[in-house]
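Novice: Got a structure for you, written out below as structure tokens; questions coming shortly.
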Amino acid sequence: MLRHEFQPGRLVAGAVLTLAGVIYAGDAGGAWETPWFVVIPVVLAGLSLAAGVALVGRGIRRRRRVGRREGGSGAMPTEQNASR
């Protein structure tokens, strides 16, 4: 059983912000030269992508939830029956 639901938007946002950190770390370590303004479009595009992924994921979860309510027989799932 999952402790929490999977949220792909947060995964994408975390990956993009990690990429921004790697870009700055490479510049600070002397591996490459990065102008200060390069990270701004990376972060903005990544957060926009994360928002889109989160909206799609939310729509999918909402559609599944509605489908379960309408298509079900009205009985509770077996996991909840066992706990009551």
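Numbering starts fresh at 1 for the residues of each chain in the structure tokens, the chains themselves are lettered A, B, ... in the order given, and ligands are numbered from 1 as they appear.
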Counting only C-alpha atoms, which residues of region 39-75 of chain A fall within 6 Å of region 1-9 of chain A, and what is the closest atom pair for each with its distance in Å at one decimal, ordered by chain and rising number, as JSON lines?

Specialist:
```
{"residue": "A:Ala50", "atom": "CA", "partner": "A:Gly9", "partner_atom": "CA", "distance": 4.6}
{"residue": "A:Val53", "atom": "CA", "partner": "A:Gly9", "partner_atom": "CA", "distance": 5.1}
{"residue": "A:Ala54", "atom": "CA", "partner": "A:Gly9", "partner_atom": "CA", "distance": 4.2}
```

Novice: Go ahead and save the residues from that selection, with all heavy atoms, as a PDB file, in the first residue's frame.

Specialist:
```
ATOM      1  N   ALA A  50       6.170  21.354 -15.244  1.00  0.00           N
ATOM      2  CA  ALA A  50       5.694  20.681 -14.029  1.00  0.00           C
ATOM      3  C   ALA A  50       4.223  21.007 -13.763  1.00  0.00           C
ATOM      4  O   ALA A  50       3.451  20.134 -13.351  1.00  0.00           O
ATOM      5  CB  ALA A  50       6.549  21.083 -12.834  1.00  0.00           C
ATOM      6  N   VAL A  53       2.159  18.964 -16.212  1.00  0.00           N
ATOM      7  CA  VAL A  53       2.131  17.551 -15.796  1.00  0.00           C
ATOM      8  C   VAL A  53       1.215  17.371 -14.591  1.00  0.00           C
ATOM      9  O   VAL A  53       0.457  16.402 -14.508  1.00  0.00           O
ATOM     10  CB  VAL A  53       3.561  17.060 -15.496  1.00  0.00           C
ATOM     11  CG1 VAL A  53       3.548  15.711 -14.811  1.00  0.00           C
ATOM     12  CG2 VAL A  53       4.373  16.993 -16.775  1.00  0.00           C
ATOM     13  N   ALA A  54       1.260  18.315 -13.653  1.00  0.00           N
ATOM     14  CA  ALA A  54       0.402  18.225 -12.466  1.00  0.00           C
ATOM     15  C   ALA A  54      -1.068  18.332 -12.848  1.00  0.00           C
ATOM     16  O   ALA A  54      -1.915  17.605 -12.298  1.00  0.00           O
ATOM     17  CB  ALA A  54       0.772  19.315 -11.471  1.00  0.00           C
TER      18      ALA A  54
END
```

Novice: Under the rule that only C-alpha atoms are counted, which of A:Val16, A:Ile60, A:Gly21, A:Val66 is the nearest residue to Leu44 (chain A)?

Specialist: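 That would be A:Val16, the residue with the smallest distance to Leu44 (chain A).
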
Novice: Based on the backbone DSSP call, show me all residues of chain A assigned alpha helix (DSSP H), as JSON, numbers by chain.

Specialist: {"A": [8, 9, 10, 11, 12, 13, 14, 15, 16, 17, 18, 19, 20, 21, 22, 23, 24, 25, 26, 27, 28, 29, 39, 40, 41, 42, 43, 44, 45, 46, 47, 48, 49, 50, 51, 52, 53, 54, 55, 56, 57, 58, 59, 60, 61, 62, 63, 64, 65, 66, 67, 68, 69, 70, 71, 78, 79, 80, 81, 82, 83]}

Novice: Restricting the calculation to only C-alpha atoms, which member of A:Ala51, A:Ala15, A:Ala20, A:Val56 is positioned closest to Thr34 (chain A)?

Specialist: A:Ala20
